[in-house]
Amino acid sequence: MLRSTFFRNTSRRFLATVKQPSIGRYTGKPNPSTGKYTVSFIEGDGIGPEISKSVKKIFSAANVPIEWESCDVSPIFVNGLTTIPDPAVQSITKNLVALKGPLATPIGKGHRSLNLTLRKTFGLFANVRPAKSIEGFKTTYENVDLVLIRENTEGEYSGIEHIVCPGVVQSIKLITRDASERVIRYAFEYARAIGRPRVIVVHKSTIQRLADGLFVNVAKELSKEYPDITLETELIDNSVLKVVTNPSAYTNAVSVCPNLYGDILSDLNSGLSAGSLGLTPSANIGHKISIFEAVHGSAPDIAGQDKANPTALLLSSVMMLNHMGLTNHADQIQNAVLSTISSGPENRTGDLAGTATTSSFTEAVIKRL
C-alpha cells in the first residue's frame, strides 16, 4: 500500500511530544450522544464549494466521525476594518478546529484579506506548510521533503499603510518580540518532534537590521533551550537559490521565517515538490484554535465546471484529522488520495496534466478507501 507518513507525523508526533501542550493542542471532545466531532467548514469562493463537496463525500464514505458545521465568513466592514460575522466566530471558537476552502480577496480595494482576518481573529500564529514529493507523480525534482513554518500575524501583512502625500505610500513592516518568540519556539518544538536536527531562520537582517534583526536575535536566544537542535540563519535570497538548486539540503531541517518570506518560499517549495499548489496542504496553528486550509486560489475561471483538484483540501483535512487524534481515518484517506494520483493521468485533474474531473477523481479516491 502506498504510504507517506510525513503529513501524519508532522502533526501527530508533534502533539505527542511537545513540551508545552498548550501550544497547538486540540482539546475538543466528541458529542457524547453521537460520538462525532463537530468541525466548522468554510467552503470558500470559486471552486471552494466543489472541492468541499468532494471532501464531504470522501469523509462520508470513510465513515469519519465528523459532523460539519457550515461557516459563512463573508466580510463585514466596520469603520474601515474587515471583520467576519459573529456566528462564524462563535462556531470556530466553539469547535476549536475548522477546514477552509479558498477565499477570494479583491485586489487593490483597500480591504484586508479574509485569510489574514481569520488569522488575526483567532490568533493563528504559525502556518505549517509541508512540501513533499508524491510517489508515482513525476516533477522536476524527486524525493523533495521540505517543512516551512511561517509567522502568520504580522510583518508586511500587518496592514499598516498610509498615504504620505499624493503618489507616495508608506507600508510599515511590524515585527514584535512576542510574535517572533512564539513562532520560533514552535519551530524548535516541531523540529524536535519530527526528528529534524536543524532549524533554519530565513531573514534579511543585512537590510532590515532592526526588524529581521529582532527575529534572528530571538532565535539565537531561544536556541539555548534546545541544545539538541542546531540553529542556522540564512538570507532569504540565498535560501531561494539553494532550494531550487538542491532542495535535498533541507530534508533534515525545519525552516522558519517572517510572514512575507514564508508566503513566497512556501509556494516555491510546493512548486518544487509537487509542481502545483493543488497538492499542497496547510495548517494554521493557534494556542487553542487551528484552521486547516487549501492554499491555492479560488480559480473563478473554472468554478462550476467540475475541473477543480480537491487534493490540497483533502490533504489539509488529513492534517486536521491527525491534529484531532483521528489517525486511522487520516491514514485511510491519505493513502487513497496518494494512490489515486500515482495511478496515472486518467485519475489526475487537468492541473496535473490529467483527464479526470473533480467528480471522477472523488469516486476514484472512494474506491481506494
# chains A, B, ... in the order shown; residues from 1 in each chain; ligands from 1
>>> residues_around(residues="segment 168-171 of chain A", least_positions_apart="5", cutoff="10 Å", atoms="only C-alpha atoms", output="PyMOL selection string")
chain A and resi 156-163
>>> residues_around(residues="segment 258-264 of chain A", least_positions_apart="6", cutoff="12 Å", atoms="only C-alpha atoms", output="VMD selection string")
chain A and resid 116 119 125 to 129 147 to 158 173 to 177 179 to 184 201 to 205 208 211 to 216 219 234 to 237 239 to 240 270 to 271 282 295 to 296
>>> select_by_dssp(residues="segment 58-96 of chain A", states="helix (DSSP H, G or I)", output="list in words")
Ile58, Phe59, Ser60, Ala61, Asp86, Pro87, Ala88, Val89, Gln90, Ser91, Ile92, Thr93, Lys94 and Asn95 of chain A
>>> residues_around(residues="Tyr37 of chain A", least_positions_apart="4", cutoff="7 Å", atoms="only C-alpha atoms", output="PyMOL selection string")
chain A and resi 29-31+65-67
>>> residues_around(residues="His287 of chain A", least_positions_apart="6", cutoff="12 Å", atoms="only C-alpha atoms", output="count of residues only")
20
>>> select_by_dssp(residues="segment 51-284 of chain A", states="strand (DSSP E or B)", output="compact mmCIF listing (two decimals) with all heavy atoms, in the first residue's frame")
# COMPACT_ATOMS: atom_id res chain seq x y z
N ILE A 66 -17.29 12.78 11.95
CA ILE A 66 -17.29 14.24 11.96
C ILE A 66 -18.62 14.74 11.42
O ILE A 66 -19.15 14.21 10.45
CB ILE A 66 -16.13 14.79 11.12
CG1 ILE A 66 -14.84 14.80 11.96
CG2 ILE A 66 -16.42 16.20 10.60
CD1 ILE A 66 -13.63 15.33 11.23
N GLU A 67 -19.16 15.75 12.10
CA GLU A 67 -20.32 16.47 11.60
C GLU A 67 -19.85 17.87 11.21
O GLU A 67 -19.16 18.54 11.98
CB GLU A 67 -21.41 16.56 12.68
CG GLU A 67 -22.00 15.20 13.04
CD GLU A 67 -23.04 15.29 14.15
OE1 GLU A 67 -22.96 16.27 14.93
OE2 GLU A 67 -23.89 14.40 14.24
N TRP A 68 -20.21 18.29 10.01
CA TRP A 68 -19.77 19.58 9.52
C TRP A 68 -20.74 20.67 9.94
O TRP A 68 -21.95 20.49 9.90
CB TRP A 68 -19.65 19.56 8.00
CG TRP A 68 -18.72 18.52 7.45
CD1 TRP A 68 -19.05 17.37 6.81
CD2 TRP A 68 -17.29 18.53 7.52
NE1 TRP A 68 -17.93 16.66 6.46
CE2 TRP A 68 -16.83 17.36 6.88
CE3 TRP A 68 -16.35 19.42 8.04
CZ2 TRP A 68 -15.47 17.05 6.76
CZ3 TRP A 68 -15.00 19.12 7.92
CH2 TRP A 68 -14.57 17.95 7.28
N GLU A 69 -20.18 21.80 10.31
CA GLU A 69 -20.99 22.98 10.65
C GLU A 69 -20.62 24.09 9.66
O GLU A 69 -19.51 24.63 9.72
CB GLU A 69 -20.70 23.41 12.08
CG GLU A 69 -21.64 24.48 12.61
CD GLU A 69 -21.50 24.64 14.11
OE1 GLU A 69 -22.20 23.93 14.86
OE2 GLU A 69 -20.67 25.47 14.54
N SER A 70 -21.52 24.39 8.76
CA SER A 70 -21.24 25.37 7.72
C SER A 70 -20.97 26.73 8.32
O SER A 70 -21.64 27.17 9.26
CB SER A 70 -22.43 25.46 6.76
OG SER A 70 -22.16 26.37 5.72
N ILE A 76 -17.40 41.68 6.73
CA ILE A 76 -18.15 42.83 7.20
C ILE A 76 -17.15 43.96 7.41
O ILE A 76 -16.09 43.75 8.01
CB ILE A 76 -18.88 42.51 8.52
CG1 ILE A 76 -19.89 41.37 8.31
CG2 ILE A 76 -19.58 43.75 9.08
CD1 ILE A 76 -20.48 40.87 9.61
N PHE A 77 -17.48 45.13 6.93
CA PHE A 77 -16.55 46.26 7.04
C PHE A 77 -17.09 47.26 8.06
O PHE A 77 -18.16 47.84 7.89
CB PHE A 77 -16.35 46.93 5.67
CG PHE A 77 -15.91 45.95 4.61
CD1 PHE A 77 -16.80 45.52 3.64
CD2 PHE A 77 -14.63 45.44 4.62
CE1 PHE A 77 -16.40 44.61 2.67
CE2 PHE A 77 -14.23 44.52 3.66
CZ PHE A 77 -15.11 44.10 2.69
N VAL A 78 -16.35 47.42 9.15
CA VAL A 78 -16.76 48.30 10.24
C VAL A 78 -15.66 49.32 10.48
O VAL A 78 -14.52 48.96 10.82
CB VAL A 78 -17.03 47.49 11.53
CG1 VAL A 78 -17.46 48.42 12.66
CG2 VAL A 78 -18.07 46.41 11.29
N LEU A 81 -12.44 48.62 8.92
CA LEU A 81 -11.78 47.37 9.26
C LEU A 81 -12.59 46.18 8.73
O LEU A 81 -13.82 46.21 8.72
CB LEU A 81 -11.62 47.24 10.77
CG LEU A 81 -10.73 48.28 11.46
CD1 LEU A 81 -10.74 48.07 12.97
CD2 LEU A 81 -9.31 48.24 10.92
N THR A 82 -11.88 45.14 8.31
CA THR A 82 -12.53 43.92 7.82
C THR A 82 -12.74 42.97 8.99
O THR A 82 -11.80 42.64 9.72
CB THR A 82 -11.66 43.24 6.76
OG1 THR A 82 -11.36 44.16 5.72
CG2 THR A 82 -12.38 42.04 6.17
N THR A 83 -13.97 42.52 9.18
CA THR A 83 -14.28 41.54 10.21
C THR A 83 -15.11 40.43 9.59
O THR A 83 -15.55 40.52 8.44
CB THR A 83 -15.06 42.17 11.38
OG1 THR A 83 -16.32 42.68 10.89
CG2 THR A 83 -14.29 43.31 12.01
N VAL A 97 -11.63 23.85 15.81
CA VAL A 97 -10.96 23.42 14.58
C VAL A 97 -11.87 23.70 13.40
O VAL A 97 -13.10 23.61 13.51
CB VAL A 97 -10.58 21.92 14.65
CG1 VAL A 97 -11.82 21.04 14.70
CG2 VAL A 97 -9.68 21.52 13.50
N ALA A 98 -11.26 24.09 12.28
CA ALA A 98 -12.04 24.39 11.08
C ALA A 98 -11.26 23.95 9.85
O ALA A 98 -10.03 23.88 9.85
CB ALA A 98 -12.36 25.88 10.99
N LEU A 99 -12.01 23.63 8.79
CA LEU A 99 -11.44 23.34 7.49
C LEU A 99 -11.91 24.44 6.55
O LEU A 99 -13.08 24.82 6.56
CB LEU A 99 -11.90 21.97 7.00
CG LEU A 99 -11.29 21.46 5.69
CD1 LEU A 99 -9.79 21.25 5.84
CD2 LEU A 99 -11.96 20.15 5.25
N LYS A 100 -10.98 24.94 5.72
CA LYS A 100 -11.30 26.12 4.92
C LYS A 100 -10.89 25.94 3.46
O LYS A 100 -9.74 25.57 3.16
CB LYS A 100 -10.59 27.36 5.48
CG LYS A 100 -10.94 28.65 4.77
CD LYS A 100 -10.18 29.82 5.34
CE LYS A 100 -8.77 29.88 4.83
NZ LYS A 100 -8.70 30.11 3.35
N ALA A 126 1.12 30.45 13.60
CA ALA A 126 2.07 29.65 12.82
C ALA A 126 1.37 29.00 11.64
O ALA A 126 0.35 28.33 11.81
CB ALA A 126 2.73 28.59 13.69
N ASN A 127 1.91 29.20 10.45
CA ASN A 127 1.44 28.50 9.27
C ASN A 127 2.43 27.39 8.95
O ASN A 127 3.60 27.66 8.70
CB ASN A 127 1.31 29.46 8.09
CG ASN A 127 0.85 28.76 6.82
OD1 ASN A 127 1.56 28.73 5.83
ND2 ASN A 127 -0.34 28.21 6.84
N VAL A 128 1.96 26.15 8.98
CA VAL A 128 2.82 24.99 8.75
C VAL A 128 2.57 24.48 7.34
O VAL A 128 1.44 24.11 6.99
CB VAL A 128 2.52 23.87 9.78
CG1 VAL A 128 3.48 22.69 9.56
CG2 VAL A 128 2.65 24.41 11.19
N ARG A 129 3.63 24.47 6.53
CA ARG A 129 3.49 24.06 5.14
C ARG A 129 4.49 22.94 4.81
O ARG A 129 5.66 23.21 4.53
CB ARG A 129 3.75 25.26 4.22
CG ARG A 129 2.61 26.26 4.16
CD ARG A 129 1.51 25.84 3.22
NE ARG A 129 1.98 25.81 1.84
CZ ARG A 129 1.98 26.86 1.04
NH1 ARG A 129 1.55 28.04 1.46
NH2 ARG A 129 2.40 26.74 -0.20
N PRO A 130 4.08 21.69 4.85
CA PRO A 130 4.93 20.62 4.35
C PRO A 130 4.89 20.59 2.83
O PRO A 130 3.86 20.89 2.22
CB PRO A 130 4.30 19.36 4.94
CG PRO A 130 2.85 19.73 5.09
CD PRO A 130 2.80 21.20 5.38
N ALA A 131 5.99 20.25 2.21
CA ALA A 131 6.05 20.10 0.76
C ALA A 131 6.83 18.84 0.46
O ALA A 131 8.04 18.79 0.67
CB ALA A 131 6.72 21.32 0.12
N LYS A 132 6.14 17.82 0.02
CA LYS A 132 6.75 16.50 -0.14
C LYS A 132 6.36 15.89 -1.49
O LYS A 132 5.21 15.98 -1.91
CB LYS A 132 6.30 15.57 0.99
CG LYS A 132 6.96 14.21 0.99
CD LYS A 132 6.51 13.40 2.20
CE LYS A 132 7.06 11.98 2.16
NZ LYS A 132 8.52 11.93 2.27
N ASP A 145 11.40 16.89 0.35
CA ASP A 145 10.75 16.73 1.66
C ASP A 145 11.08 17.95 2.51
O ASP A 145 12.04 17.96 3.26
CB ASP A 145 11.26 15.44 2.32
CG ASP A 145 10.47 15.07 3.56
OD1 ASP A 145 9.63 15.89 3.99
OD2 ASP A 145 10.69 13.98 4.10
N LEU A 146 10.28 19.00 2.36
CA LEU A 146 10.56 20.29 2.98
C LEU A 146 9.49 20.64 4.01
O LEU A 146 8.32 20.28 3.85
CB LEU A 146 10.59 21.39 1.91
CG LEU A 146 11.55 21.15 0.72
CD1 LEU A 146 11.31 22.20 -0.35
CD2 LEU A 146 12.99 21.17 1.18
N VAL A 147 9.91 21.34 5.04
CA VAL A 147 8.96 21.85 6.04
C VAL A 147 9.27 23.33 6.27
O VAL A 147 10.41 23.68 6.59
CB VAL A 147 9.08 21.12 7.38
CG1 VAL A 147 8.04 21.66 8.36
CG2 VAL A 147 8.91 19.63 7.21
N LEU A 148 8.25 24.16 6.11
CA LEU A 148 8.42 25.58 6.37
C LEU A 148 7.34 26.05 7.33
O LEU A 148 6.17 25.70 7.19
CB LEU A 148 8.35 26.39 5.08
CG LEU A 148 8.65 27.88 5.27
CD1 LEU A 148 9.60 28.39 4.19
CD2 LEU A 148 7.38 28.72 5.26
N ILE A 149 7.77 26.82 8.32
CA ILE A 149 6.84 27.42 9.28
C ILE A 149 6.93 28.93 9.13
O ILE A 149 8.00 29.52 9.26
CB ILE A 149 7.15 26.98 10.72
CG1 ILE A 149 6.96 25.47 10.84
CG2 ILE A 149 6.25 27.72 11.71
CD1 ILE A 149 7.29 24.91 12.21
N ARG A 150 5.80 29.52 8.86
CA ARG A 150 5.71 30.96 8.56
C ARG A 150 5.02 31.70 9.69
O ARG A 150 3.96 31.28 10.16
CB ARG A 150 4.94 31.11 7.26
CG ARG A 150 4.39 32.48 6.96
CD ARG A 150 3.44 32.36 5.77
NE ARG A 150 2.74 33.61 5.49
CZ ARG A 150 1.74 33.73 4.65
NH1 ARG A 150 1.29 32.66 3.99
NH2 ARG A 150 1.15 34.90 4.44
N GLU A 151 5.63 32.78 10.16
CA GLU A 151 4.95 33.65 11.12
C GLU A 151 3.71 34.20 10.41
O GLU A 151 3.79 34.66 9.29
CB GLU A 151 5.87 34.79 11.57
CG GLU A 151 5.44 35.44 12.88
CD GLU A 151 4.18 36.27 12.75
OE1 GLU A 151 4.06 37.04 11.76
OE2 GLU A 151 3.28 36.15 13.62
N GLY A 155 4.52 41.28 10.32
CA GLY A 155 5.37 41.57 9.18
C GLY A 155 4.72 42.56 8.23
O GLY A 155 3.98 43.47 8.64
N GLU A 156 4.94 42.37 6.93
CA GLU A 156 4.33 43.25 5.92
C GLU A 156 2.83 43.07 5.84
O GLU A 156 2.13 43.88 5.21
CB GLU A 156 4.95 42.98 4.55
CG GLU A 156 6.39 43.42 4.41
CD GLU A 156 7.37 42.37 4.86
OE1 GLU A 156 6.96 41.35 5.47
OE2 GLU A 156 8.58 42.55 4.60
N TYR A 157 2.31 42.00 6.46
CA TYR A 157 0.88 41.71 6.39
C TYR A 157 0.08 42.35 7.53
O TYR A 157 -1.08 42.04 7.73
CB TYR A 157 0.66 40.19 6.42
CG TYR A 157 1.10 39.50 5.15
CD1 TYR A 157 2.36 39.70 4.61
CD2 TYR A 157 0.25 38.64 4.48
CE1 TYR A 157 2.77 39.07 3.46
CE2 TYR A 157 0.65 37.99 3.31
CZ TYR A 157 1.91 38.22 2.81
OH TYR A 157 2.30 37.59 1.66
N SER A 158 0.72 43.25 8.26
CA SER A 158 0.03 43.89 9.38
C SER A 158 -1.03 44.87 8.93
O SER A 158 -1.87 45.29 9.71
CB SER A 158 1.05 44.61 10.27
OG SER A 158 2.00 43.69 10.78
N GLY A 159 -0.96 45.27 7.67
CA GLY A 159 -1.97 46.18 7.14
C GLY A 159 -1.81 47.62 7.59
O GLY A 159 -2.78 48.38 7.61
N ILE A 160 -0.59 48.00 7.96
CA ILE A 160 -0.33 49.37 8.41
C ILE A 160 0.20 50.17 7.22
O ILE A 160 1.37 50.11 6.87
CB ILE A 160 0.69 49.39 9.57
CG1 ILE A 160 0.25 48.44 10.69
CG2 ILE A 160 0.86 50.80 10.10
CD1 ILE A 160 1.30 48.26 11.77
N GLU A 161 -0.67 50.90 6.58
CA GLU A 161 -0.31 51.68 5.41
C GLU A 161 -0.96 53.05 5.47
O GLU A 161 -2.04 53.21 6.04
CB GLU A 161 -0.78 50.98 4.12
CG GLU A 161 -0.09 49.67 3.81
CD GLU A 161 -0.52 49.12 2.46
OE1 GLU A 161 -1.73 49.12 2.18
OE2 GLU A 161 0.36 48.70 1.69
N HIS A 162 -0.29 54.02 4.90
CA HIS A 162 -0.91 55.34 4.79
C HIS A 162 -0.28 56.11 3.63
O HIS A 162 0.82 55.79 3.18
CB HIS A 162 -0.78 56.13 6.09
CG HIS A 162 0.64 56.41 6.49
ND1 HIS A 162 1.39 55.53 7.24
CD2 HIS A 162 1.46 57.46 6.22
CE1 HIS A 162 2.58 56.03 7.44
NE2 HIS A 162 2.66 57.19 6.82
N ILE A 163 -0.99 57.10 3.17
CA ILE A 163 -0.51 57.96 2.09
C ILE A 163 0.27 59.11 2.72
O ILE A 163 -0.27 59.88 3.53
CB ILE A 163 -1.67 58.49 1.25
CG1 ILE A 163 -2.40 57.32 0.56
CG2 ILE A 163 -1.17 59.49 0.20
CD1 ILE A 163 -3.66 57.74 -0.17
N VAL A 164 1.54 59.20 2.38
CA VAL A 164 2.37 60.29 2.89
C VAL A 164 2.00 61.59 2.18
O VAL A 164 1.82 62.63 2.81
CB VAL A 164 3.86 59.96 2.67
CG1 VAL A 164 4.75 61.12 3.14
CG2 VAL A 164 4.24 58.68 3.40
N CYS A 165 1.91 61.50 0.88
CA CYS A 165 1.46 62.61 0.04
C CYS A 165 1.03 62.00 -1.28
O CYS A 165 1.31 60.82 -1.52
CB CYS A 165 2.57 63.66 -0.13
SG CYS A 165 4.04 63.04 -0.97
N VAL A 168 2.84 58.96 -3.00
CA VAL A 168 3.80 58.34 -2.07
C VAL A 168 3.02 57.60 -0.98
O VAL A 168 2.24 58.22 -0.24
CB VAL A 168 4.73 59.39 -1.42
CG1 VAL A 168 5.70 58.69 -0.45
CG2 VAL A 168 5.50 60.15 -2.47
N VAL A 169 3.21 56.28 -0.92
CA VAL A 169 2.53 55.44 0.08
C VAL A 169 3.58 54.78 0.96
O VAL A 169 4.61 54.30 0.48
CB VAL A 169 1.67 54.36 -0.61
CG1 VAL A 169 1.09 53.39 0.43
CG2 VAL A 169 0.56 55.00 -1.42
N GLN A 170 3.33 54.76 2.24
CA GLN A 170 4.23 54.09 3.18
C GLN A 170 3.54 52.87 3.77
O GLN A 170 2.41 52.96 4.27
CB GLN A 170 4.64 55.04 4.31
CG GLN A 170 5.70 54.46 5.24
CD GLN A 170 6.15 55.46 6.29
OE1 GLN A 170 5.33 56.01 7.02
NE2 GLN A 170 7.45 55.71 6.35
N SER A 171 4.20 51.72 3.68
CA SER A 171 3.69 50.48 4.26
C SER A 171 4.68 50.03 5.33
O SER A 171 5.88 49.90 5.06
CB SER A 171 3.56 49.41 3.18
OG SER A 171 3.06 48.21 3.73
N ILE A 172 4.20 49.78 6.53
CA ILE A 172 5.07 49.51 7.67
C ILE A 172 5.11 48.02 7.97
O ILE A 172 4.08 47.36 8.09
CB ILE A 172 4.58 50.29 8.91
CG1 ILE A 172 4.67 51.80 8.63
CG2 ILE A 172 5.41 49.93 10.13
CD1 ILE A 172 4.08 52.66 9.73
N LYS A 173 6.31 47.50 8.10
CA LYS A 173 6.52 46.10 8.49
C LYS A 173 6.64 46.04 10.01
O LYS A 173 7.51 46.67 10.60
CB LYS A 173 7.80 45.58 7.83
CG LYS A 173 8.23 44.19 8.28
CD LYS A 173 9.46 43.75 7.52
CE LYS A 173 9.94 42.38 7.95
NZ LYS A 173 11.07 41.90 7.12
N LEU A 174 5.77 45.27 10.62
CA LEU A 174 5.74 45.17 12.08
C LEU A 174 6.32 43.83 12.52
O LEU A 174 5.87 42.78 12.09
CB LEU A 174 4.30 45.30 12.59
CG LEU A 174 4.10 45.16 14.10
CD1 LEU A 174 4.71 46.35 14.82
CD2 LEU A 174 2.63 45.02 14.43
N ARG A 198 17.82 20.33 12.65
CA ARG A 198 18.19 21.69 12.27
C ARG A 198 16.97 22.59 12.19
O ARG A 198 15.93 22.20 11.65
CB ARG A 198 18.91 21.71 10.92
CG ARG A 198 20.16 20.87 10.84
CD ARG A 198 20.49 20.54 9.39
NE ARG A 198 20.71 21.72 8.57
CZ ARG A 198 20.46 21.77 7.26
NH1 ARG A 198 19.96 20.71 6.63
NH2 ARG A 198 20.70 22.87 6.57
N VAL A 199 17.12 23.82 12.70
CA VAL A 199 16.15 24.89 12.46
C VAL A 199 16.88 26.00 11.72
O VAL A 199 17.93 26.47 12.17
CB VAL A 199 15.55 25.42 13.78
CG1 VAL A 199 14.84 26.76 13.55
CG2 VAL A 199 14.57 24.42 14.37
N ILE A 200 16.32 26.39 10.59
CA ILE A 200 16.93 27.43 9.76
C ILE A 200 16.04 28.67 9.80
O ILE A 200 14.88 28.62 9.39
CB ILE A 200 17.10 26.96 8.31
CG1 ILE A 200 17.96 25.70 8.25
CG2 ILE A 200 17.72 28.07 7.46
CD1 ILE A 200 18.06 25.09 6.86
N VAL A 201 16.58 29.76 10.31
CA VAL A 201 15.86 31.03 10.34
C VAL A 201 16.19 31.80 9.06
O VAL A 201 17.34 32.13 8.79
CB VAL A 201 16.25 31.87 11.57
CG1 VAL A 201 15.61 33.25 11.50
CG2 VAL A 201 15.82 31.15 12.85
N VAL A 202 15.17 32.04 8.26
CA VAL A 202 15.33 32.74 6.99
C VAL A 202 15.00 34.22 7.20
O VAL A 202 13.95 34.55 7.75
CB VAL A 202 14.43 32.13 5.90
CG1 VAL A 202 14.63 32.85 4.58
CG2 VAL A 202 14.71 30.64 5.75
N HIS A 203 15.87 35.11 6.74
CA HIS A 203 15.75 36.53 7.09
C HIS A 203 16.43 37.41 6.05
O HIS A 203 17.01 36.92 5.08
CB HIS A 203 16.40 36.76 8.46
CG HIS A 203 17.89 36.53 8.43
ND1 HIS A 203 18.80 37.55 8.29
CD2 HIS A 203 18.62 35.38 8.47
CE1 HIS A 203 20.03 37.04 8.26
NE2 HIS A 203 19.94 35.73 8.38
N THR A 230 20.32 22.23 16.05
CA THR A 230 21.28 23.19 15.52
C THR A 230 20.54 24.36 14.88
O THR A 230 19.70 24.16 14.00
CB THR A 230 22.20 22.54 14.48
OG1 THR A 230 22.91 21.47 15.09
CG2 THR A 230 23.19 23.56 13.91
N LEU A 231 20.86 25.57 15.33
CA LEU A 231 20.27 26.77 14.74
C LEU A 231 21.17 27.28 13.61
O LEU A 231 22.37 27.43 13.78
CB LEU A 231 20.10 27.87 15.78
CG LEU A 231 19.64 29.23 15.23
CD1 LEU A 231 18.22 29.13 14.69
CD2 LEU A 231 19.74 30.31 16.31
N GLU A 232 20.56 27.54 12.46
CA GLU A 232 21.26 28.16 11.34
C GLU A 232 20.46 29.38 10.90
O GLU A 232 19.24 29.42 11.03
CB GLU A 232 21.39 27.18 10.17
CG GLU A 232 22.12 25.90 10.53
CD GLU A 232 22.09 24.88 9.40
OE1 GLU A 232 21.90 25.29 8.23
OE2 GLU A 232 22.22 23.68 9.68
N THR A 233 21.15 30.39 10.40
CA THR A 233 20.48 31.56 9.83
C THR A 233 20.88 31.68 8.37
O THR A 233 22.01 31.37 7.99
CB THR A 233 20.85 32.85 10.58
OG1 THR A 233 22.25 33.08 10.47
CG2 THR A 233 20.47 32.73 12.06
N GLU A 234 19.93 32.14 7.56
CA GLU A 234 20.17 32.15 6.12
C GLU A 234 19.42 33.31 5.48
O GLU A 234 18.23 33.50 5.76
CB GLU A 234 19.71 30.83 5.52
CG GLU A 234 20.15 30.56 4.11
CD GLU A 234 19.89 29.10 3.74
OE1 GLU A 234 18.76 28.81 3.27
OE2 GLU A 234 20.78 28.26 3.92
N LEU A 235 20.08 34.09 4.66
CA LEU A 235 19.43 35.19 3.95
C LEU A 235 18.39 34.64 2.98
O LEU A 235 18.61 33.62 2.33
CB LEU A 235 20.45 36.03 3.22
CG LEU A 235 21.45 36.79 4.10
CD1 LEU A 235 22.51 37.44 3.23
CD2 LEU A 235 20.75 37.83 4.95
N ALA A 253 15.73 19.53 7.94
CA ALA A 253 15.60 20.82 8.62
C ALA A 253 14.16 21.29 8.64
O ALA A 253 13.31 20.83 7.87
CB ALA A 253 16.47 21.86 7.92
N VAL A 254 13.89 22.21 9.55
CA VAL A 254 12.65 22.97 9.57
C VAL A 254 13.03 24.44 9.39
O VAL A 254 13.85 24.97 10.15
CB VAL A 254 11.88 22.79 10.89
CG1 VAL A 254 10.73 23.78 11.00
CG2 VAL A 254 11.37 21.37 11.02
N SER A 255 12.48 25.08 8.37
CA SER A 255 12.75 26.49 8.14
C SER A 255 11.65 27.32 8.79
O SER A 255 10.47 26.93 8.79
CB SER A 255 12.81 26.80 6.64
OG SER A 255 13.87 26.11 6.02
N VAL A 256 12.02 28.47 9.34
CA VAL A 256 11.04 29.36 9.95
C VAL A 256 11.39 30.79 9.54
O VAL A 256 12.57 31.16 9.48
CB VAL A 256 11.01 29.21 11.49
CG1 VAL A 256 12.37 29.51 12.12
CG2 VAL A 256 9.93 30.08 12.11
N CYS A 257 10.38 31.59 9.24
CA CYS A 257 10.67 32.93 8.74
C CYS A 257 9.50 33.88 8.95
O CYS A 257 8.37 33.45 9.21
CB CYS A 257 11.04 32.88 7.26
SG CYS A 257 9.90 31.97 6.22
N ALA A 283 -1.60 24.11 7.52
CA ALA A 283 -2.24 24.23 8.83
C ALA A 283 -1.91 25.58 9.44
O ALA A 283 -0.76 26.03 9.39
CB ALA A 283 -1.75 23.12 9.77
N ASN A 284 -2.92 26.25 9.98
CA ASN A 284 -2.73 27.50 10.71
C ASN A 284 -2.99 27.21 12.19
O ASN A 284 -4.11 26.89 12.58
CB ASN A 284 -3.71 28.56 10.21
CG ASN A 284 -3.44 28.94 8.77
OD1 ASN A 284 -2.48 29.63 8.46
ND2 ASN A 284 -4.29 28.47 7.86
>>> residues_around(residues="Leu314 of chain A", least_positions_apart="4", cutoff="12 Å", atoms="only C-alpha atoms", output="PyMOL selection string")
chain A and resi 7+51-59+99-101+278-282+292-295+309-310+318-321+330-338+361-362+365
>>> residues_around(residues="Pro345 of chain A", least_positions_apart="6", cutoff="10 Å", atoms="only C-alpha atoms", output="list of chain:residue names")
A:Phe137, A:Leu352, A:Ala353, A:Gly354, A:Thr355, A:Ala356
>>> atom_distance(atom1="atom CA of Tyr250 of chain A", atom2="atom CA of Asp267 of chain A")
15.4 Å
>>> atom_distance(atom1="atom CA of Asn347 of chain A", atom2="atom CA of Ser359 of chain A")
10.4 Å
>>> residues_around(residues="Asn143 of chain A", least_positions_apart="2", cutoff="10 Å", atoms="only C-alpha atoms", output="ChimeraX atom specification")
/A:132-135,139,141,145-146,247-248,251,273
>>> atom_distance(atom1="atom CA of Gly46 of chain A", atom2="atom CA of Lys138 of chain A")
28.2 Å
